[in-house]
Amino acid sequence: MLGRNSAHDQRTRDIRSRSAAKCIAALLALSALGSGGCSRADAPAPPVASAEAAADPEIEVHTVPVRRGAIVQRIDAPGSLEAKRNSQIGVEVQGRIERVFVDEGDRVEAGAPLFQLDREPYEMGLRQAQAALDHARAEKRQIESDLTRARELQKQNIVPAQQIEKLETGVAVARSGEEQAVQALALAQHKLDRTLVVAPYAASIVARLADEGTTALVQPQTIVVVLQESGELEARATIPESRLSLVRVGDPALIHIEGIAAPIQTEVQSVSDAIDPATRTYTVRMRVANSDHALKAGVFALIEIVPQSKRDVLVIPRAAVRSEDGRARVFIVRDGVATPVPVTLGVVTEDQVEVLDGLRVDAPVIVDGATGQLAPGMRVRVAAQEEARDVTP
């Protein structure tokens, strides 16, 4: 029984093998038939590129003619507001401080008292100087009187000439002593006056450094208060050396300060003649009115200077300029081809540049975004030539 089952299984496997072989043969026949119906020789040829398509494609561009006009380059520079005058007020004569009349934050007018030293020692010195002067004058009067009598006696040949000469010398010495006493008295009065120290100009008290009872010295000088002029401030900006020729005294300026909505209008007051060798900059100063004391010295400011415009110069849009390897150039259209032209630039603004050399008036320069895609010799087609806009300041 087991033998019959094994024979049956073997016949089943043989039948399945023959069926699989027939299927594979049929598939191969169908494949051969299909390939014969569409041979490589009968396949359609690929399209041949035309001569026009093979040529370099044209880029559509817009141009603007070079024109003559005016251009002005605004200069933005960091700066700050500073006090025009800042003074450390000390003593001219030594003495004990009796009273300080001001405190930090006070505002004073010119001539207002700041502090008082002890007057008594200087009052005594003044009285001594006055007494010395009185003594000198008395001596002078006495010698002058002796000289007068001697001259009368000389007429009677009683007094010799040598005695007259001696008295005349004594009078000269007495007069010199009187003059010295006069100057000593003036000096004593001056020292007494300097015991009261007053403000040299209208200012604010920014520091009080000594109090009553302090013995103030002349050397080293004791600083009692620090003054700062606040009724008018000074804006100071540092300008790069490369723009040395642009800024002039009288140029309009705008001062922008954080927290103040409107810019402060002023003008350039002075331009430094010296270049800082460390920063390669120079300083420009402008007056800033501050009668209400709303502005504070030391505040940061952004300063915008508007120099005088340059007129009758060649001007092109800034978008037309490309910079490569530190050199500027533009593209013009010549015989349908983008042609690079090196240019020398002058004043550069946000949307314009001054051309010093390389172009002539009415030369069409390419201005649109295609300048970034252009290469020398590339074929271009001018879509339209824009009119040069007049942006004369």
# chains A, B, ... in the order shown; residues from 1 in each chain; ligands from 1

$ residues_around --residues "Leu233 of chain A" --least-positions-apart "4" --cutoff "6 Å" --atoms "only C-alpha atoms" --output "number ranges by chain"
A: 82-84, 288

$ write_last_selection --atoms "N, CA and C atoms" --output "PDB file, in the first residue's frame"
ATOM      1  N   GLU A  82      27.407 115.973  24.251  1.00  0.00           N
ATOM      2  CA  GLU A  82      28.375 116.297  25.281  1.00  0.00           C
ATOM      3  C   GLU A  82      28.178 117.740  25.733  1.00  0.00           C
ATOM      4  N   ALA A  83      28.587 118.008  26.952  1.00  0.00           N
ATOM      5  CA  ALA A  83      28.568 119.379  27.448  1.00  0.00           C
ATOM      6  C   ALA A  83      29.668 120.179  26.745  1.00  0.00           C
ATOM      7  N   LYS A  84      29.347 121.419  26.377  1.00  0.00           N
ATOM      8  CA  LYS A  84      30.351 122.254  25.740  1.00  0.00           C
ATOM      9  C   LYS A  84      31.476 122.580  26.716  1.00  0.00           C
ATOM     10  N   VAL A 288      23.516 122.021  19.968  1.00  0.00           N
ATOM     11  CA  VAL A 288      22.184 121.477  20.255  1.00  0.00           C
ATOM     12  C   VAL A 288      21.586 122.302  21.389  1.00  0.00           C
TER      13      VAL A 288
END

$ closest_atom_pairs --of "segment 57-143 of chain A" --to "segment 178-202 of chain A" --cutoff "8 Å" --atoms "only C-alpha atoms" --output "JSON lines"
{"residue": "A:Val91", "atom": "CA", "partner": "A:Val197", "partner_atom": "CA", "distance": 7.5}
{"residue": "A:Glu92", "atom": "CA", "partner": "A:Arg194", "partner_atom": "CA", "distance": 6.5}
{"residue": "A:Val93", "atom": "CA", "partner": "A:Lys191", "partner_atom": "CA", "distance": 6.5}
{"residue": "A:Gly95", "atom": "CA", "partner": "A:Thr195", "partner_atom": "CA", "distance": 7.9}
{"residue": "A:Arg107", "atom": "CA", "partner": "A:Ala202", "partner_atom": "CA", "distance": 7.5}
{"residue": "A:Val108", "atom": "CA", "partner": "A:Ala202", "partner_atom": "CA", "distance": 5.6}
{"residue": "A:Glu109", "atom": "CA", "partner": "A:Ala202", "partner_atom": "CA", "distance": 4.1}
{"residue": "A:Ala110", "atom": "CA", "partner": "A:Tyr201", "partner_atom": "CA", "distance": 4.0}
{"residue": "A:Gly111", "atom": "CA", "partner": "A:Ala199", "partner_atom": "CA", "distance": 5.0}
{"residue": "A:Ala112", "atom": "CA", "partner": "A:Val198", "partner_atom": "CA", "distance": 5.2}
{"residue": "A:Pro113", "atom": "CA", "partner": "A:Val198", "partner_atom": "CA", "distance": 4.2}
{"residue": "A:Leu114", "atom": "CA", "partner": "A:Val198", "partner_atom": "CA", "distance": 5.1}
{"residue": "A:Phe115", "atom": "CA", "partner": "A:Val197", "partner_atom": "CA", "distance": 5.5}
{"residue": "A:Gln116", "atom": "CA", "partner": "A:Leu196", "partner_atom": "CA", "distance": 4.5}
{"residue": "A:Leu117", "atom": "CA", "partner": "A:Thr195", "partner_atom": "CA", "distance": 4.7}
{"residue": "A:Asp118", "atom": "CA", "partner": "A:Thr195", "partner_atom": "CA", "distance": 6.8}
{"residue": "A:Arg119", "atom": "CA", "partner": "A:Thr195", "partner_atom": "CA", "distance": 6.3}
{"residue": "A:Tyr122", "atom": "CA", "partner": "A:Leu192", "partner_atom": "CA", "distance": 5.1}
{"residue": "A:Glu123", "atom": "CA", "partner": "A:Leu192", "partner_atom": "CA", "distance": 6.4}
{"residue": "A:Gly125", "atom": "CA", "partner": "A:Ala188", "partner_atom": "CA", "distance": 6.0}
{"residue": "A:Leu126", "atom": "CA", "partner": "A:Ala188", "partner_atom": "CA", "distance": 4.8}
{"residue": "A:Ala129", "atom": "CA", "partner": "A:Leu185", "partner_atom": "CA", "distance": 4.7}
{"residue": "A:Gln130", "atom": "CA", "partner": "A:Leu185", "partner_atom": "CA", "distance": 5.8}
{"residue": "A:Ala132", "atom": "CA", "partner": "A:Ala181", "partner_atom": "CA", "distance": 6.0}
{"residue": "A:Leu133", "atom": "CA", "partner": "A:Ala181", "partner_atom": "CA", "distance": 4.6}
{"residue": "A:Ala136", "atom": "CA", "partner": "A:Glu178", "partner_atom": "CA", "distance": 4.9}
{"residue": "A:Arg137", "atom": "CA", "partner": "A:Glu178", "partner_atom": "CA", "distance": 5.7}
{"residue": "A:Lys140", "atom": "CA", "partner": "A:Glu178", "partner_atom": "CA", "distance": 7.4}

$ write_last_selection --atoms "N, CA and C atoms" --output "PDB file, in the first residue's frame"
ATOM      1  N   VAL A  91      39.871 125.526  44.789  1.00  0.00           N
ATOM      2  CA  VAL A  91      40.173 126.760  45.518  1.00  0.00           C
ATOM      3  C   VAL A  91      41.419 127.409  44.938  1.00  0.00           C
ATOM      4  N   GLU A  92      41.443 128.744  44.991  1.00  0.00           N
ATOM      5  CA  GLU A  92      42.635 129.497  44.606  1.00  0.00           C
ATOM      6  C   GLU A  92      43.490 129.830  45.824  1.00  0.00           C
ATOM      7  N   VAL A  93      42.852 129.863  47.004  1.00  0.00           N
ATOM      8  CA  VAL A  93      43.575 130.125  48.250  1.00  0.00           C
ATOM      9  C   VAL A  93      43.231 129.019  49.240  1.00  0.00           C
ATOM     10  N   GLY A  95      42.239 127.231  52.706  1.00  0.00           N
ATOM     11  CA  GLY A  95      41.416 127.606  53.841  1.00  0.00           C
ATOM     12  C   GLY A  95      40.379 126.557  54.176  1.00  0.00           C
ATOM     13  N   ARG A 107      20.990 123.796  39.508  1.00  0.00           N
ATOM     14  CA  ARG A 107      21.375 124.627  38.370  1.00  0.00           C
ATOM     15  C   ARG A 107      21.683 126.024  38.885  1.00  0.00           C
ATOM     16  N   VAL A 108      22.735 126.610  38.389  1.00  0.00           N
ATOM     17  CA  VAL A 108      23.172 127.926  38.861  1.00  0.00           C
ATOM     18  C   VAL A 108      23.411 128.838  37.670  1.00  0.00           C
ATOM     19  N   GLU A 109      23.257 130.129  37.908  1.00  0.00           N
ATOM     20  CA  GLU A 109      23.558 131.127  36.902  1.00  0.00           C
ATOM     21  C   GLU A 109      24.996 131.580  37.057  1.00  0.00           C
ATOM     22  N   ALA A 110      25.502 132.252  36.032  1.00  0.00           N
ATOM     23  CA  ALA A 110      26.868 132.781  36.109  1.00  0.00           C
ATOM     24  C   ALA A 110      26.972 133.759  37.276  1.00  0.00           C
ATOM     25  N   GLY A 111      27.991 133.626  38.104  1.00  0.00           N
ATOM     26  CA  GLY A 111      28.201 134.501  39.244  1.00  0.00           C
ATOM     27  C   GLY A 111      27.541 134.033  40.523  1.00  0.00           C
ATOM     28  N   ALA A 112      26.778 132.965  40.472  1.00  0.00           N
ATOM     29  CA  ALA A 112      26.126 132.460  41.684  1.00  0.00           C
ATOM     30  C   ALA A 112      27.164 131.862  42.625  1.00  0.00           C
ATOM     31  N   PRO A 113      27.050 132.077  43.965  1.00  0.00           N
ATOM     32  CA  PRO A 113      28.036 131.534  44.910  1.00  0.00           C
ATOM     33  C   PRO A 113      27.975 130.015  44.968  1.00  0.00           C
ATOM     34  N   LEU A 114      29.163 129.406  44.998  1.00  0.00           N
ATOM     35  CA  LEU A 114      29.269 127.957  45.084  1.00  0.00           C
ATOM     36  C   LEU A 114      29.688 127.510  46.483  1.00  0.00           C
ATOM     37  N   PHE A 115      30.747 128.118  47.017  1.00  0.00           N
ATOM     38  CA  PHE A 115      31.167 127.784  48.393  1.00  0.00           C
ATOM     39  C   PHE A 115      31.991 128.940  48.963  1.00  0.00           C
ATOM     40  N   GLN A 116      32.058 128.971  50.300  1.00  0.00           N
ATOM     41  CA  GLN A 116      32.742 130.046  51.021  1.00  0.00           C
ATOM     42  C   GLN A 116      33.818 129.456  51.933  1.00  0.00           C
ATOM     43  N   LEU A 117      35.054 130.017  51.846  1.00  0.00           N
ATOM     44  CA  LEU A 117      36.127 129.654  52.763  1.00  0.00           C
ATOM     45  C   LEU A 117      36.125 130.600  53.970  1.00  0.00           C
ATOM     46  N   ASP A 118      36.820 130.210  55.003  1.00  0.00           N
ATOM     47  CA  ASP A 118      36.964 131.044  56.197  1.00  0.00           C
ATOM     48  C   ASP A 118      37.663 132.353  55.806  1.00  0.00           C
ATOM     49  N   ARG A 119      37.030 133.496  56.072  1.00  0.00           N
ATOM     50  CA  ARG A 119      37.544 134.801  55.659  1.00  0.00           C
ATOM     51  C   ARG A 119      38.561 135.384  56.660  1.00  0.00           C
ATOM     52  N   TYR A 122      42.348 135.984  55.996  1.00  0.00           N
ATOM     53  CA  TYR A 122      42.603 136.896  54.880  1.00  0.00           C
ATOM     54  C   TYR A 122      42.181 138.327  55.221  1.00  0.00           C
ATOM     55  N   GLU A 123      41.222 138.475  56.079  1.00  0.00           N
ATOM     56  CA  GLU A 123      40.889 139.816  56.561  1.00  0.00           C
ATOM     57  C   GLU A 123      42.053 140.373  57.381  1.00  0.00           C
ATOM     58  N   GLY A 125      45.196 139.531  57.000  1.00  0.00           N
ATOM     59  CA  GLY A 125      46.243 139.836  56.033  1.00  0.00           C
ATOM     60  C   GLY A 125      45.993 141.149  55.333  1.00  0.00           C
ATOM     61  N   LEU A 126      44.721 141.432  55.062  1.00  0.00           N
ATOM     62  CA  LEU A 126      44.380 142.701  54.423  1.00  0.00           C
ATOM     63  C   LEU A 126      44.699 143.876  55.348  1.00  0.00           C
ATOM     64  N   ALA A 129      48.429 144.460  55.392  1.00  0.00           N
ATOM     65  CA  ALA A 129      48.887 145.109  54.167  1.00  0.00           C
ATOM     66  C   ALA A 129      48.528 146.582  54.162  1.00  0.00           C
ATOM     67  N   GLN A 130      47.364 146.913  54.685  1.00  0.00           N
ATOM     68  CA  GLN A 130      46.968 148.321  54.755  1.00  0.00           C
ATOM     69  C   GLN A 130      47.904 149.092  55.694  1.00  0.00           C
ATOM     70  N   ALA A 132      51.044 148.355  56.401  1.00  0.00           N
ATOM     71  CA  ALA A 132      52.343 148.471  55.736  1.00  0.00           C
ATOM     72  C   ALA A 132      52.326 149.594  54.718  1.00  0.00           C
ATOM     73  N   LEU A 133      51.229 149.745  54.019  1.00  0.00           N
ATOM     74  CA  LEU A 133      51.117 150.836  53.053  1.00  0.00           C
ATOM     75  C   LEU A 133      51.134 152.181  53.761  1.00  0.00           C
ATOM     76  N   ALA A 136      54.696 152.981  54.702  1.00  0.00           N
ATOM     77  CA  ALA A 136      55.517 153.344  53.552  1.00  0.00           C
ATOM     78  C   ALA A 136      55.212 154.763  53.092  1.00  0.00           C
ATOM     79  N   ARG A 137      53.968 155.120  53.106  1.00  0.00           N
ATOM     80  CA  ARG A 137      53.607 156.479  52.689  1.00  0.00           C
ATOM     81  C   ARG A 137      54.140 157.525  53.681  1.00  0.00           C
ATOM     82  N   LYS A 140      57.809 157.984  53.078  1.00  0.00           N
ATOM     83  CA  LYS A 140      58.021 158.744  51.845  1.00  0.00           C
ATOM     84  C   LYS A 140      57.796 160.231  52.071  1.00  0.00           C
TER      85      LYS A 140
END

$ residues_around --residues "Ser291 of chain A" --least-positions-apart "5" --cutoff "10 Å" --atoms "only C-alpha atoms" --output "list in words"
Ser230, Gly231, Glu232 and Leu233 of chain A

$ select_by_dssp --residues "segment 230-281 of chain A" --states "strand (DSSP E or B)" --output "VMD selection string"
chain A and resid 232 to 240 252 to 256 264 to 271 276 281

$ write_last_selection --atoms "C-alpha atoms" --output "PDB file, in the first residue's frame"
ATOM      1  CA  GLU A 232      23.383 124.206  25.263  1.00  0.00           C
ATOM      2  CA  LEU A 233      24.965 120.875  24.419  1.00  0.00           C
ATOM      3  CA  GLU A 234      27.242 119.777  21.617  1.00  0.00           C
ATOM      4  CA  ALA A 235      26.713 116.779  19.357  1.00  0.00           C
ATOM      5  CA  ARG A 236      29.944 115.061  18.358  1.00  0.00           C
ATOM      6  CA  ALA A 237      30.163 112.528  15.541  1.00  0.00           C
ATOM      7  CA  THR A 238      33.107 110.552  14.199  1.00  0.00           C
ATOM      8  CA  ILE A 239      33.252 110.475  10.390  1.00  0.00           C
ATOM      9  CA  PRO A 240      35.370 107.983   8.397  1.00  0.00           C
ATOM     10  CA  PRO A 252      22.421 120.606   7.651  1.00  0.00           C
ATOM     11  CA  ALA A 253      22.292 117.797  10.191  1.00  0.00           C
ATOM     12  CA  LEU A 254      19.628 115.759  11.970  1.00  0.00           C
ATOM     13  CA  ILE A 255      20.203 114.254  15.407  1.00  0.00           C
ATOM     14  CA  HIS A 256      18.185 111.156  16.292  1.00  0.00           C
ATOM     15  CA  ILE A 264      16.699 117.616  16.267  1.00  0.00           C
ATOM     16  CA  GLN A 265      17.620 119.943  13.411  1.00  0.00           C
ATOM     17  CA  THR A 266      20.981 121.670  13.529  1.00  0.00           C
ATOM     18  CA  GLU A 267      24.032 122.258  11.343  1.00  0.00           C
ATOM     19  CA  VAL A 268      27.705 121.439  11.343  1.00  0.00           C
ATOM     20  CA  GLN A 269      29.550 123.933  13.531  1.00  0.00           C
ATOM     21  CA  SER A 270      33.130 122.706  13.180  1.00  0.00           C
ATOM     22  CA  VAL A 271      35.131 120.019  11.375  1.00  0.00           C
ATOM     23  CA  ASP A 276      42.671 109.977  14.655  1.00  0.00           C
ATOM     24  CA  THR A 281      38.161 109.092  11.701  1.00  0.00           C
TER      25      THR A 281
END

$ atom_distance --atom1 "atom CA of Glu152 of chain A" --atom2 "atom CA of His135 of chain A"
26.4 Å

$ select_by_dssp --residues "segment 274-378 of chain A" --states "helix (DSSP H, G or I)" --output "VMD selection string"
chain A and resid 318 to 320 369 to 372

$ write_last_selection --atoms "N, CA and C atoms" --output "PDB file, in the first residue's frame"
ATOM      1  N   ARG A 318      21.928 102.712  -8.908  1.00  0.00           N
ATOM      2  CA  ARG A 318      22.880 101.849  -8.196  1.00  0.00           C
ATOM      3  C   ARG A 318      22.708 100.395  -8.607  1.00  0.00           C
ATOM      4  N   ALA A 319      21.456 100.007  -8.999  1.00  0.00           N
ATOM      5  CA  ALA A 319      21.196  98.623  -9.392  1.00  0.00           C
ATOM      6  C   ALA A 319      21.967  98.216 -10.630  1.00  0.00           C
ATOM      7  N   ALA A 320      22.497  99.190 -11.390  1.00  0.00           N
ATOM      8  CA  ALA A 320      23.219  98.858 -12.612  1.00  0.00           C
ATOM      9  C   ALA A 320      24.663  98.460 -12.344  1.00  0.00           C
ATOM     10  N   GLY A 369      16.969  93.149 -12.726  1.00  0.00           N
ATOM     11  CA  GLY A 369      17.551  92.039 -11.983  1.00  0.00           C
ATOM     12  C   GLY A 369      18.410  91.118 -12.806  1.00  0.00           C
ATOM     13  N   ALA A 370      18.374  91.261 -14.138  1.00  0.00           N
ATOM     14  CA  ALA A 370      19.151  90.369 -14.978  1.00  0.00           C
ATOM     15  C   ALA A 370      20.649  90.602 -14.862  1.00  0.00           C
ATOM     16  N   THR A 371      21.048  91.737 -14.284  1.00  0.00           N
ATOM     17  CA  THR A 371      22.485  91.997 -14.183  1.00  0.00           C
ATOM     18  C   THR A 371      23.192  90.923 -13.384  1.00  0.00           C
ATOM     19  N   GLY A 372      22.491  90.297 -12.460  1.00  0.00           N
ATOM     20  CA  GLY A 372      23.111  89.233 -11.677  1.00  0.00           C
ATOM     21  C   GLY A 372      23.300  87.956 -12.465  1.00  0.00           C
TER      22      GLY A 372
END

$ atom_distance --atom1 "atom CA of Asp368 of chain A" --atom2 "atom CA of His62 of chain A"
5.8 Å

$ closest_residue --among "A:Ala328, A:Ile257, A:Leu302, A:Val225" --to "Asp76 of chain A" --atoms "only C-alpha atoms"
A:Leu302

$ residues_around --residues "Val171 of chain A" --least-positions-apart "6" --cutoff "10 Å" --atoms "only C-alpha atoms" --output "list in words"
Glu139, Lys140, Arg141, Gln142, Ile143, Glu144, Ser145, Asp146, Leu147, Glu165 and Gly177 of chain A

$ atom_distance --atom1 "atom CA of Val206 of chain A" --atom2 "atom CA of Val102 of chain A"
10.4 Å

$ closest_residue --among "A:Leu227, A:Asp251, A:Pro342, A:Gln128" --to "Glu324 of chain A" --atoms "only C-alpha atoms"
A:Pro342

$ closest_residue --among "A:Leu244, A:Val315, A:Val306, A:Ala77" --to "Ile275 of chain A" --atoms "only C-alpha atoms"
A:Leu244

$ closest_residue --among "A:Arg287, A:Lys166, A:Arg208, A:Arg327" --to "Val100 of chain A" --atoms "only C-alpha atoms"
A:Arg208

$ residues_around --residues "Thr214 of chain A" --least-positions-apart "3" --cutoff "10 Å" --atoms "only C-alpha atoms" --output "list in words"
Gly95, Arg96, Ile97, Glu98, Arg99, Leu117, Ala210, Asp211, Leu217, Thr222 and Val224 of chain A

$ residues_around --residues "Ser87 of chain A" --least-positions-apart "2" --cutoff "7 Å" --atoms "only C-alpha atoms" --output "short mmCIF file (atom, residue, chain, number, x, y, z; two decimals) with N, CA and C atoms, in the first residue's frame"
data_model
loop_
_atom_site.label_atom_id
_atom_site.label_comp_id
_atom_site.auth_asym_id
_atom_site.auth_seq_id
_atom_site.Cartn_x
_atom_site.Cartn_y
_atom_site.Cartn_z
N ARG A 85 31.11 122.78 27.98
CA ARG A 85 32.12 123.08 29.00
C ARG A 85 31.85 122.22 30.23
N ILE A 89 35.79 122.77 39.84
CA ILE A 89 36.00 124.01 40.57
C ILE A 89 36.66 123.71 41.91
N VAL A 226 31.84 120.06 40.69
CA VAL A 226 32.06 119.91 39.25
C VAL A 226 30.87 120.50 38.53
N LEU A 227 31.15 121.41 37.60
CA LEU A 227 30.11 122.08 36.83
C LEU A 227 30.06 121.51 35.42
N GLN A 228 28.86 121.58 34.84
CA GLN A 228 28.69 121.16 33.45
C GLN A 228 27.66 122.07 32.80
#
